[in-house]
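Source file: upload30.cif (mmCIF, C-alpha atoms and all ligand atoms)
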data_upload
loop_
_atom_site.label_atom_id
_atom_site.label_comp_id
_atom_site.auth_asym_id
_atom_site.auth_seq_id
_atom_site.Cartn_x
_atom_site.Cartn_y
_atom_site.Cartn_z
CA MET A 1 0.00 0.00 0.00
CA SER A 2 1.14 3.51 -0.63
CA ARG A 3 -0.34 6.86 0.19
CA ILE A 4 1.47 10.07 -0.72
CA GLU A 5 0.87 13.23 1.30
CA LEU A 6 2.21 16.65 0.45
CA LYS A 7 1.89 19.18 3.24
CA ASN A 8 2.56 22.85 2.68
CA LEU A 9 5.17 21.86 0.13
CA ARG A 10 7.17 24.75 -1.24
CA LYS A 11 10.12 25.16 -3.58
CA GLU A 12 12.00 28.35 -4.30
CA TYR A 13 14.81 28.77 -6.79
CA GLY A 14 16.33 32.10 -5.79
CA SER A 15 13.52 34.57 -6.21
CA THR A 16 11.39 32.18 -8.30
CA VAL A 17 8.70 30.38 -6.34
CA ALA A 18 8.22 27.20 -8.39
CA VAL A 19 5.77 25.54 -5.99
CA LYS A 20 3.71 27.47 -3.46
CA ASN A 21 2.59 25.68 -0.35
CA LEU A 22 0.98 22.69 -1.97
CA ASP A 23 -1.38 20.46 0.00
CA LEU A 24 -2.36 17.19 -1.59
CA VAL A 25 -3.23 13.66 -0.49
CA ILE A 26 -2.86 10.93 -3.08
CA GLU A 27 -4.63 7.75 -2.08
CA ASP A 28 -3.22 4.28 -2.48
CA GLY A 29 -3.84 2.99 -6.00
CA GLU A 30 -5.10 6.31 -7.30
CA PHE A 31 -4.26 7.63 -10.77
CA ILE A 32 -3.58 11.32 -10.21
CA VAL A 33 -2.77 13.69 -13.04
CA LEU A 34 -1.04 17.00 -12.33
CA VAL A 35 -1.90 19.24 -15.25
CA GLY A 36 -1.27 22.85 -16.13
CA PRO A 37 0.62 25.10 -18.52
CA SER A 38 4.38 25.00 -18.89
CA GLY A 39 6.19 26.44 -15.88
CA CYS A 40 3.35 25.93 -13.38
CA GLY A 41 5.46 23.70 -11.12
CA LYS A 42 4.45 20.17 -12.14
CA THR A 43 7.94 18.77 -12.67
CA THR A 44 9.28 20.43 -9.53
CA THR A 45 6.47 18.85 -7.50
CA LEU A 46 7.17 15.41 -8.96
CA ARG A 47 10.92 15.74 -8.43
CA MET A 48 10.36 16.64 -4.78
CA ILE A 49 8.19 13.54 -4.32
CA ALA A 50 10.91 11.46 -5.97
CA GLY A 51 13.64 12.99 -3.83
CA PHE A 52 15.61 14.72 -6.59
CA GLU A 53 14.83 18.19 -5.22
CA ASP A 54 14.86 19.32 -1.59
CA PRO A 55 11.73 21.24 -0.61
CA THR A 56 12.32 24.77 0.66
CA ALA A 57 9.55 24.09 3.18
CA GLY A 58 6.87 21.55 3.90
CA GLU A 59 6.62 17.79 4.19
CA ILE A 60 6.38 14.74 1.99
CA ARG A 61 4.94 11.65 3.64
CA LEU A 62 4.76 8.15 2.25
CA ASP A 63 2.32 6.00 4.16
CA GLY A 64 2.42 8.46 7.02
CA THR A 65 6.21 8.60 7.35
CA VAL A 66 8.04 11.84 6.56
CA VAL A 67 10.54 11.05 3.80
CA ASN A 68 12.07 14.51 3.19
CA ASP A 69 15.51 13.19 4.16
CA LEU A 70 15.30 9.82 2.37
CA GLU A 71 17.41 9.25 -0.74
CA PRO A 72 15.43 8.68 -3.96
CA ARG A 73 16.40 5.00 -4.07
CA ASP A 74 14.94 4.45 -0.60
CA ARG A 75 11.50 5.84 -1.47
CA ASP A 76 10.18 2.85 -3.40
CA LEU A 77 9.20 5.05 -6.34
CA GLY A 78 9.57 4.46 -10.04
CA MET A 79 10.09 7.49 -12.23
CA VAL A 80 9.57 7.79 -15.99
CA PHE A 81 10.83 10.96 -17.65
CA GLN A 82 9.89 12.74 -20.82
CA SER A 83 13.30 12.08 -22.37
CA HIS A 84 13.97 8.41 -22.00
CA ALA A 85 17.79 8.44 -22.06
CA LEU A 86 18.52 4.77 -22.72
CA PHE A 87 22.13 3.55 -22.64
CA PRO A 88 23.06 3.59 -26.35
CA HIS A 89 25.67 0.82 -26.12
CA LYS A 90 23.52 -1.66 -24.20
CA ASN A 91 20.81 -3.69 -25.87
CA VAL A 92 17.18 -3.36 -24.83
CA ALA A 93 17.25 -6.25 -22.35
CA ASP A 94 20.38 -4.89 -20.63
CA ASN A 95 18.83 -1.44 -20.48
CA ILE A 96 15.76 -2.86 -18.77
CA VAL A 97 17.58 -4.94 -16.14
CA PHE A 98 20.24 -2.31 -15.44
CA GLY A 99 18.49 -1.16 -12.25
CA LEU A 100 18.15 -4.74 -11.02
CA ARG A 101 21.86 -5.42 -11.63
CA MET A 102 22.68 -2.33 -9.55
CA GLN A 103 20.44 -3.70 -6.78
CA LYS A 104 22.26 -7.07 -7.10
CA VAL A 105 19.02 -8.93 -7.73
CA ASP A 106 19.94 -12.51 -8.63
CA LYS A 107 20.25 -13.52 -12.28
CA GLU A 108 17.30 -15.91 -12.32
CA GLU A 109 14.98 -13.28 -10.80
CA GLN A 110 16.27 -10.70 -13.30
CA ARG A 111 15.35 -13.01 -16.18
CA ARG A 112 11.92 -13.72 -14.75
CA ARG A 113 11.07 -10.05 -14.29
CA LEU A 114 12.50 -9.08 -17.67
CA GLN A 115 10.25 -11.59 -19.37
CA GLU A 116 7.18 -10.60 -17.37
CA VAL A 117 7.65 -6.89 -17.95
CA SER A 118 8.44 -7.19 -21.65
CA GLU A 119 5.22 -9.10 -22.13
CA LEU A 120 3.35 -6.51 -20.11
CA VAL A 121 4.46 -3.62 -22.34
CA ARG A 122 4.69 -5.78 -25.49
CA ILE A 123 8.35 -5.45 -26.35
CA SER A 124 9.47 -9.09 -26.09
CA HIS A 125 10.49 -8.98 -29.75
CA LEU A 126 12.85 -6.04 -29.16
CA LEU A 127 15.05 -7.40 -26.37
CA THR A 128 18.15 -8.04 -28.47
CA LYS A 129 17.95 -4.78 -30.42
CA MET A 130 20.02 -1.67 -29.73
CA PRO A 131 18.18 1.53 -28.68
CA ALA A 132 19.10 3.26 -31.97
CA GLN A 133 17.15 0.57 -33.84
CA CYS A 134 13.95 1.32 -31.90
CA SER A 135 11.26 3.85 -32.82
CA GLY A 136 10.11 6.62 -30.47
CA GLY A 137 7.11 4.62 -29.31
CA GLU A 138 9.25 1.54 -28.71
CA SER A 139 11.82 3.56 -26.75
CA GLN A 140 9.07 4.92 -24.57
CA ARG A 141 7.82 1.38 -23.88
CA ILE A 142 11.37 0.36 -22.99
CA ALA A 143 11.63 3.31 -20.60
CA LEU A 144 8.37 2.17 -19.00
CA ALA A 145 9.66 -1.39 -18.76
CA ARG A 146 12.88 -0.21 -17.13
CA THR A 147 10.83 1.39 -14.36
CA LEU A 148 8.23 -1.37 -14.06
CA VAL A 149 10.90 -4.03 -13.63
CA THR A 150 11.99 -2.53 -10.31
CA GLU A 151 8.44 -3.13 -8.99
CA PRO A 152 8.00 0.17 -7.15
CA SER A 153 4.90 0.93 -5.08
CA ASN A 154 4.34 4.24 -6.84
CA PHE A 155 4.91 5.45 -10.35
CA LEU A 156 5.88 9.03 -11.09
CA LEU A 157 5.59 9.91 -14.76
CA ASP A 158 6.69 13.26 -16.15
CA GLU A 159 5.15 13.94 -19.58
CA PRO A 160 6.11 10.41 -20.65
CA LEU A 161 4.33 10.67 -23.99
CA SER A 162 4.95 14.25 -25.03
CA SER A 163 7.73 13.43 -27.50
CA LEU A 164 5.48 11.08 -29.49
CA ASP A 165 3.13 11.83 -32.37
CA ALA A 166 -0.62 12.03 -31.77
CA LYS A 167 -1.53 8.49 -32.78
CA LEU A 168 1.22 6.84 -30.74
CA ARG A 169 0.35 9.06 -27.83
CA ARG A 170 -3.22 7.78 -27.87
CA GLU A 171 -2.00 4.19 -28.11
CA LEU A 172 0.44 4.49 -25.22
CA ARG A 173 -2.09 6.43 -23.21
CA ALA A 174 -4.39 3.44 -23.36
CA GLU A 175 -1.40 1.33 -22.34
CA CYS A 176 -0.79 3.44 -19.23
CA ASP A 177 -4.43 3.03 -18.33
CA ARG A 178 -4.22 -0.74 -18.74
CA LEU A 179 -1.02 -0.93 -16.66
CA HIS A 180 -2.67 0.98 -13.86
CA GLU A 181 -5.71 -1.34 -13.91
CA GLN A 182 -3.47 -4.37 -13.88
CA LEU A 183 -0.91 -3.26 -11.30
CA GLN A 184 -3.29 -1.38 -8.97
CA LYS A 185 -0.41 0.86 -7.93
CA THR A 186 -0.40 4.60 -7.29
CA PHE A 187 0.32 6.66 -10.41
CA VAL A 188 1.25 10.34 -10.35
CA TYR A 189 1.27 11.53 -13.93
CA VAL A 190 2.35 14.98 -15.09
CA THR A 191 1.21 16.52 -18.37
CA HIS A 192 0.37 19.85 -19.96
CA ASP A 193 -2.15 18.07 -22.21
CA GLN A 194 -5.74 18.46 -21.02
CA GLU A 195 -6.91 15.50 -23.11
CA GLU A 196 -4.38 13.18 -21.47
CA ALA A 197 -5.53 14.40 -18.07
CA MET A 198 -9.21 13.91 -18.92
CA THR A 199 -8.75 10.40 -20.27
CA LEU A 200 -6.31 8.99 -17.69
CA ALA A 201 -7.07 10.51 -14.33
CA ASP A 202 -9.14 9.22 -11.46
CA ARG A 203 -8.55 12.70 -10.12
CA ILE A 204 -7.16 15.76 -11.85
CA VAL A 205 -5.09 18.35 -10.01
CA VAL A 206 -5.02 21.58 -12.01
CA MET A 207 -2.01 23.79 -11.30
CA ASP A 208 -1.23 27.37 -12.24
CA GLY A 209 1.62 29.53 -10.98
CA GLY A 210 2.86 26.91 -8.50
CA GLU A 211 -0.54 26.48 -6.91
CA ILE A 212 -3.43 24.04 -7.09
CA VAL A 213 -6.37 25.87 -8.59
CA GLN A 214 -8.84 22.98 -8.72
CA MET A 215 -9.02 19.25 -7.95
CA GLY A 216 -11.67 16.77 -8.94
CA SER A 217 -12.77 14.00 -11.25
CA PRO A 218 -12.42 14.74 -14.98
CA ILE A 219 -16.18 15.18 -15.32
CA ASP A 220 -16.27 17.47 -12.33
CA ILE A 221 -13.48 19.68 -13.69
CA TYR A 222 -15.07 19.80 -17.13
CA SER A 223 -18.59 20.53 -16.03
CA ASN A 224 -17.85 22.64 -13.01
CA PRO A 225 -14.72 24.78 -13.55
CA VAL A 226 -14.02 27.22 -10.71
CA SER A 227 -12.45 29.87 -12.90
CA TYR A 228 -11.95 31.26 -16.38
CA PHE A 229 -8.50 29.65 -16.41
CA VAL A 230 -9.83 26.13 -15.77
CA ALA A 231 -12.80 26.62 -18.10
CA ASP A 232 -10.46 27.67 -20.88
CA PHE A 233 -7.90 24.94 -20.25
CA PHE A 234 -10.19 21.90 -20.56
CA GLY A 235 -12.11 21.05 -23.70
CA ASN A 236 -11.31 20.84 -27.37
CA PRO A 237 -12.53 22.91 -29.10
CA ALA A 238 -12.29 25.21 -26.10
CA MET A 239 -15.24 26.82 -24.34
CA ASN A 240 -16.47 29.98 -26.04
CA LEU A 241 -15.49 32.79 -23.67
CA ILE A 242 -16.85 36.20 -24.50
CA GLU A 243 -15.73 39.37 -22.75
CA GLY A 244 -18.51 41.83 -21.97
CA GLU A 245 -20.60 43.36 -19.28
CA PHE A 246 -23.29 42.15 -16.89
CA SER A 247 -26.19 44.40 -16.03
CA GLN A 248 -29.57 44.26 -14.34
CA ASN A 249 -32.63 45.46 -16.18
CA GLY A 250 -36.02 45.63 -14.56
CA GLY A 251 -35.97 42.42 -12.50
CA GLY A 252 -33.80 40.36 -14.88
CA ALA A 253 -30.14 40.34 -15.76
CA GLU A 254 -28.32 40.27 -19.04
CA PHE A 255 -24.91 39.92 -20.55
CA LYS A 256 -23.86 42.17 -23.37
CA SER A 257 -20.79 42.19 -25.58
CA SER A 258 -20.16 43.79 -28.95
CA SER A 259 -21.42 40.63 -30.67
CA PHE A 260 -23.87 39.02 -28.24
CA THR A 261 -26.72 39.99 -25.95
CA VAL A 262 -27.88 37.17 -23.69
CA SER A 263 -30.69 37.21 -21.11
CA LEU A 264 -29.46 35.40 -18.04
CA PRO A 265 -31.57 32.88 -16.17
CA GLU A 266 -33.70 33.97 -13.22
CA GLU A 267 -31.14 32.76 -10.66
CA TYR A 268 -28.64 35.41 -11.78
CA LYS A 269 -31.05 38.30 -11.34
CA ASN A 270 -28.93 39.82 -8.55
CA ILE A 271 -25.65 39.59 -10.43
CA ALA A 272 -23.18 42.40 -9.64
CA PRO A 273 -23.15 44.73 -12.63
CA GLY A 274 -19.79 45.20 -14.33
CA LYS A 275 -17.26 43.63 -16.63
CA GLY A 276 -17.05 39.86 -16.91
CA THR A 277 -17.05 36.87 -19.20
CA PHE A 278 -19.83 34.72 -20.57
CA GLY A 279 -18.92 31.10 -21.35
CA ILE A 280 -20.66 28.33 -23.25
CA ARG A 281 -19.17 25.08 -24.54
CA PRO A 282 -19.42 24.51 -28.31
CA GLU A 283 -21.51 21.36 -27.78
CA ASN A 284 -24.07 23.31 -25.76
CA VAL A 285 -24.77 25.96 -28.37
CA LEU A 286 -28.12 25.38 -30.07
CA VAL A 287 -28.11 26.17 -33.77
CA SER A 288 -31.43 26.53 -35.57
CA LYS A 289 -32.67 27.74 -38.93
CA ALA A 290 -33.45 31.44 -39.17
CA ASN A 291 -36.95 31.86 -37.77
CA GLY A 292 -37.62 35.53 -37.13
CA GLY A 293 -35.06 36.03 -34.33
CA ASP A 294 -31.55 37.45 -34.42
CA THR A 295 -29.50 35.70 -37.03
CA ARG A 296 -25.82 35.50 -37.76
CA ASN A 297 -24.01 33.98 -40.68
CA ILE A 298 -21.99 30.78 -40.46
CA GLY A 299 -18.33 31.37 -41.28
CA LEU A 300 -16.19 28.30 -41.73
CA VAL A 301 -17.83 24.83 -41.77
CA GLU A 302 -15.54 22.02 -40.62
CA PRO A 303 -17.00 18.50 -40.98
CA LEU A 304 -15.30 16.03 -38.61
CA GLY A 305 -17.33 13.00 -39.68
CA LYS A 306 -19.35 12.35 -36.56
CA ASP A 307 -19.94 16.05 -35.90
CA THR A 308 -19.48 19.34 -37.67
CA LEU A 309 -17.85 22.47 -36.30
CA LEU A 310 -19.42 25.78 -37.24
CA TYR A 311 -17.36 28.95 -36.79
CA PHE A 312 -18.82 32.42 -36.40
CA GLU A 313 -16.72 35.54 -36.77
CA THR A 314 -16.97 37.97 -33.87
CA THR A 315 -15.03 41.03 -32.82
CA ALA A 316 -13.14 38.84 -30.31
CA GLU A 317 -9.79 37.24 -31.12
CA ARG A 318 -11.20 33.74 -31.24
CA PRO A 319 -14.14 32.87 -33.44
CA PHE A 320 -17.27 31.59 -31.73
CA VAL A 321 -17.64 27.82 -32.24
CA ALA A 322 -20.66 25.52 -32.24
CA ILE A 323 -20.67 21.74 -32.65
CA VAL A 324 -23.64 20.15 -34.36
CA GLU A 325 -24.18 16.44 -34.70
CA GLY A 326 -23.58 14.56 -37.89
CA THR A 327 -22.90 16.19 -41.19
CA GLU A 328 -26.12 18.21 -41.21
CA ASN A 329 -26.31 20.42 -44.20
CA HIS A 330 -24.86 23.66 -42.99
CA LYS A 331 -23.20 25.95 -45.46
CA SER A 332 -20.79 28.78 -45.04
CA GLY A 333 -22.71 32.07 -45.29
CA GLU A 334 -26.02 30.54 -44.17
CA PRO A 335 -27.95 32.65 -41.59
CA VAL A 336 -28.85 30.76 -38.41
CA GLU A 337 -30.09 31.51 -34.91
CA LEU A 338 -27.97 30.66 -31.88
CA SER A 339 -29.34 30.03 -28.42
CA PHE A 340 -27.76 29.08 -25.12
CA PRO A 341 -29.51 26.87 -22.55
CA GLY A 342 -29.39 28.61 -19.16
CA ASN A 343 -28.07 25.57 -17.27
CA ASN A 344 -25.04 25.35 -19.57
CA MET A 345 -23.92 28.95 -19.16
CA PHE A 346 -20.74 29.81 -17.25
CA LEU A 347 -20.22 33.31 -15.93
CA PHE A 348 -16.94 34.75 -14.66
CA ASP A 349 -16.21 38.04 -12.94
CA ALA A 350 -13.50 40.51 -13.92
CA ASN A 351 -10.94 38.52 -11.86
CA GLY A 352 -11.79 35.34 -13.72
CA ASP A 353 -13.58 33.76 -10.74
CA ARG A 354 -16.74 31.83 -11.43
CA ILE A 355 -19.99 33.66 -10.64
CA ARG A 356 -22.44 31.19 -9.13
CA ALA A 357 -26.16 31.67 -9.16
N1 LIG B 1 16.55 24.11 -11.44
C1 LIG B 1 15.86 25.24 -11.56
N2 LIG B 1 16.43 26.44 -11.34
C2 LIG B 1 15.74 27.59 -11.42
N3 LIG B 1 14.43 27.66 -11.73
C3 LIG B 1 13.79 26.50 -11.97
C4 LIG B 1 14.46 25.24 -11.90
N4 LIG B 1 13.56 24.26 -12.18
C5 LIG B 1 12.39 24.89 -12.42
N5 LIG B 1 12.52 26.23 -12.30
C6 LIG B 1 11.44 27.22 -12.45
O1 LIG B 1 10.35 26.84 -11.63
C7 LIG B 1 9.11 27.02 -12.29
C8 LIG B 1 8.37 25.70 -12.40
O2 LIG B 1 9.07 24.85 -13.26
P1 LIG B 1 8.62 23.35 -13.56
O3 LIG B 1 8.31 22.66 -12.29
O4 LIG B 1 9.65 22.75 -14.43
O5 LIG B 1 7.25 23.58 -14.38
P2 LIG B 1 6.43 22.58 -15.32
O6 LIG B 1 6.97 21.21 -15.14
O7 LIG B 1 5.02 22.73 -14.84
O8 LIG B 1 6.59 23.10 -16.71
C9 LIG B 1 9.45 27.66 -13.62
O9 LIG B 1 9.34 29.03 -13.48
C10 LIG B 1 10.88 27.23 -13.85
O10 LIG B 1 11.55 28.16 -14.68
MG MG B 2 7.75 19.91 -16.61
#
Written as structure tokens, that's how I'd like the structure from this file.
Amino acid sequence: MSRIELKNLRKEYGSTVAVKNLDLVIEDGEFIVLVGPSGCGKTTTLRMIAGFEDPTAGEIRLDGTVVNDLEPRDRDLGMVFQSHALFPHKNVADNIVFGLRMQKVDKEEQRRRLQEVSELVRISHLLTKMPAQCSGGESQRIALARTLVTEPSNFLLDEPLSSLDAKLRRELRAECDRLHEQLQKTFVYVTHDQEEAMTLADRIVVMDGGEIVQMGSPIDIYSNPVSYFVADFFGNPAMNLIEGEFSQNGGGAEFKSSSFTVSLPEEYKNIAPGKGTFGIRPENVLVSKANGGDTRNIGLVEPLGKDTLLYFETTAERPFVAIVEGTENHKSGEPVELSFPGNNMFLFDANGDRIRA
């Protein structure tokens, strides 16, 4: 069993605060994804857990025991990095068992684990090859195998797939998922890719500027973002976020921007007037044929097969996007009416904090 606790964890590099007083409990067997933009402190957090960086302040506990002063090798953690530096002059098998040789695990046991792990990540056919003869995806599997073979209680993975192309990334992502199911170990996975976070995590930890800004299940984060930042980060295509102004008018409330005027549902009738942002996900925008209401013309039409993306030009930097099912016959230039169901609206104040009804 293995439970990881971070208490008030902080890391400063000179005047840069890489991680600001992080509090996080990772339960035994959980698949946690730390996600956020580049520079938000993900790698630093992972390296402190692994023991490669000393915290400036705070505690790291493994199963209740403070491990701040333990060497990395004594923490029972397996780490997989983005760049999978294999030894170029050793073949794949020797690369994989290198850690076991260092630990003086006996030869028979080395062979047994090598075989088991290569089957697990499907590289049995590569064992006699040299790293230079392996593709990027194969090298990444070898790097995984090299960590798996040491049988750690926890896995720490730092953007393990980011050097791969999209298709391989999806394939190996599924592989990580399968490994977690099979091994039932704790996984702490770092990525800047929201899709990876959504598909892999039991629980997502969203970071920004060295801090946790939201934690929750993927569905929770997607459907209930606490801020503009989180709303914008998750979803592809991204949520439509329109800058404008909230106001009250005779009992109701509305949002107004240069391109949109939206009546807000009853529950927002007491909204504080002032600048803010209106958000709606592309899949929640209702598109209907012109029928006497306000119309706007479809810009670009992008058929994806299962759905179609419709783009609308606005005065904002990003076009407004709607997703409609199937390959319905929408044409560029066609006038349509857009409407927004009240329960799918997201409102944010001028600081980017979510306005709740
Ligand atoms: N060894 C270091 N020396 C100085 N600054 C560092 C060092 N490592 C990271 N930083 C800084 O700390 C912040 C967080 O970095 P990092 O944890 O690598 O972010 P992420 O992995 O989320 O991209 C960044 O501002 C980065 O420049
Ligand atoms: Mg990083």
Interface rows for chain A against ligand MG 2 (chain B): nearest pair, Å to one decimal, 10 Å, only C-alpha atoms and all ligand atoms, as CSV:
residue,atom,partner,partner_atom,distance
A:Val35,CA,B:MG2,MG,9.8
A:Gly36,CA,B:MG2,MG,9.5
A:Pro37,CA,B:MG2,MG,9.0
A:Ser38,CA,B:MG2,MG,6.5
A:Gly39,CA,B:MG2,MG,6.8
A:Cys40,CA,B:MG2,MG,8.1
A:Gly41,CA,B:MG2,MG,7.1
A:Lys42,CA,B:MG2,MG,5.6
A:Thr43,CA,B:MG2,MG,4.1
A:Thr44,CA,B:MG2,MG,7.3
A:Thr45,CA,B:MG2,MG,9.3
A:Leu46,CA,B:MG2,MG,8.9
A:Arg47,CA,B:MG2,MG,9.7
A:Phe81,CA,B:MG2,MG,9.5
A:Gln82,CA,B:MG2,MG,8.6
A:Asp158,CA,B:MG2,MG,6.7
A:Glu159,CA,B:MG2,MG,7.2
A:Val190,CA,B:MG2,MG,7.5
A:Thr191,CA,B:MG2,MG,7.6
A:His192,CA,B:MG2,MG,8.1
Atomic distance CA of Val25 (chain A) - CA of Leu6 (chain A), expressed in Å with one decimal: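 Value for the CA of Val25 (chain A)-CA of Leu6 (chain A) distance: 6.3 Å.
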Shell around Met130 (chain A) at 9 Å using all atoms listed in the file, local window under 6 positions removed, as an MDAnalysis selection string: chainID A and resid 88:92
Kindly save the residues from that selection, with C-alpha atoms included, as a compact mmCIF listing (two decimals), in the frame of the given file.
# COMPACT_ATOMS: atom_id res chain seq x y z
CA PRO A 88 23.06 3.59 -26.35
CA HIS A 89 25.67 0.82 -26.12
CA LYS A 90 23.52 -1.66 -24.20
CA ASN A 91 20.81 -3.69 -25.87
CA VAL A 92 17.18 -3.36 -24.83
For Ala290 (chain A): contacts at 7 Å, all atoms listed in the file, fewer than 5 positions along chain excluded, given as a ChimeraX atom specification: /A:295,335-337
Selected residue of minimal separation from ligand LIG 1 (chain B) among A:Ala143, A:Met207, A:Val230, A:Met345, counting all atoms listed in the file: A:Met207
Mind giving me the axis-aligned box for ligand LIG 1 (chain B) with 8 Å on every side, centre plus edges in Å to one decimal, as lines of an AutoDock Vina configuration file?
center_x = 10.8
center_y = 25.1
center_z = -14.0
size_x = 27.5
size_y = 23.8
size_z = 21.4
Separation of CA of Thr308 (chain A) from CA of Asn329 (chain A), in Å and rounded to one decimal: 9.5 Å
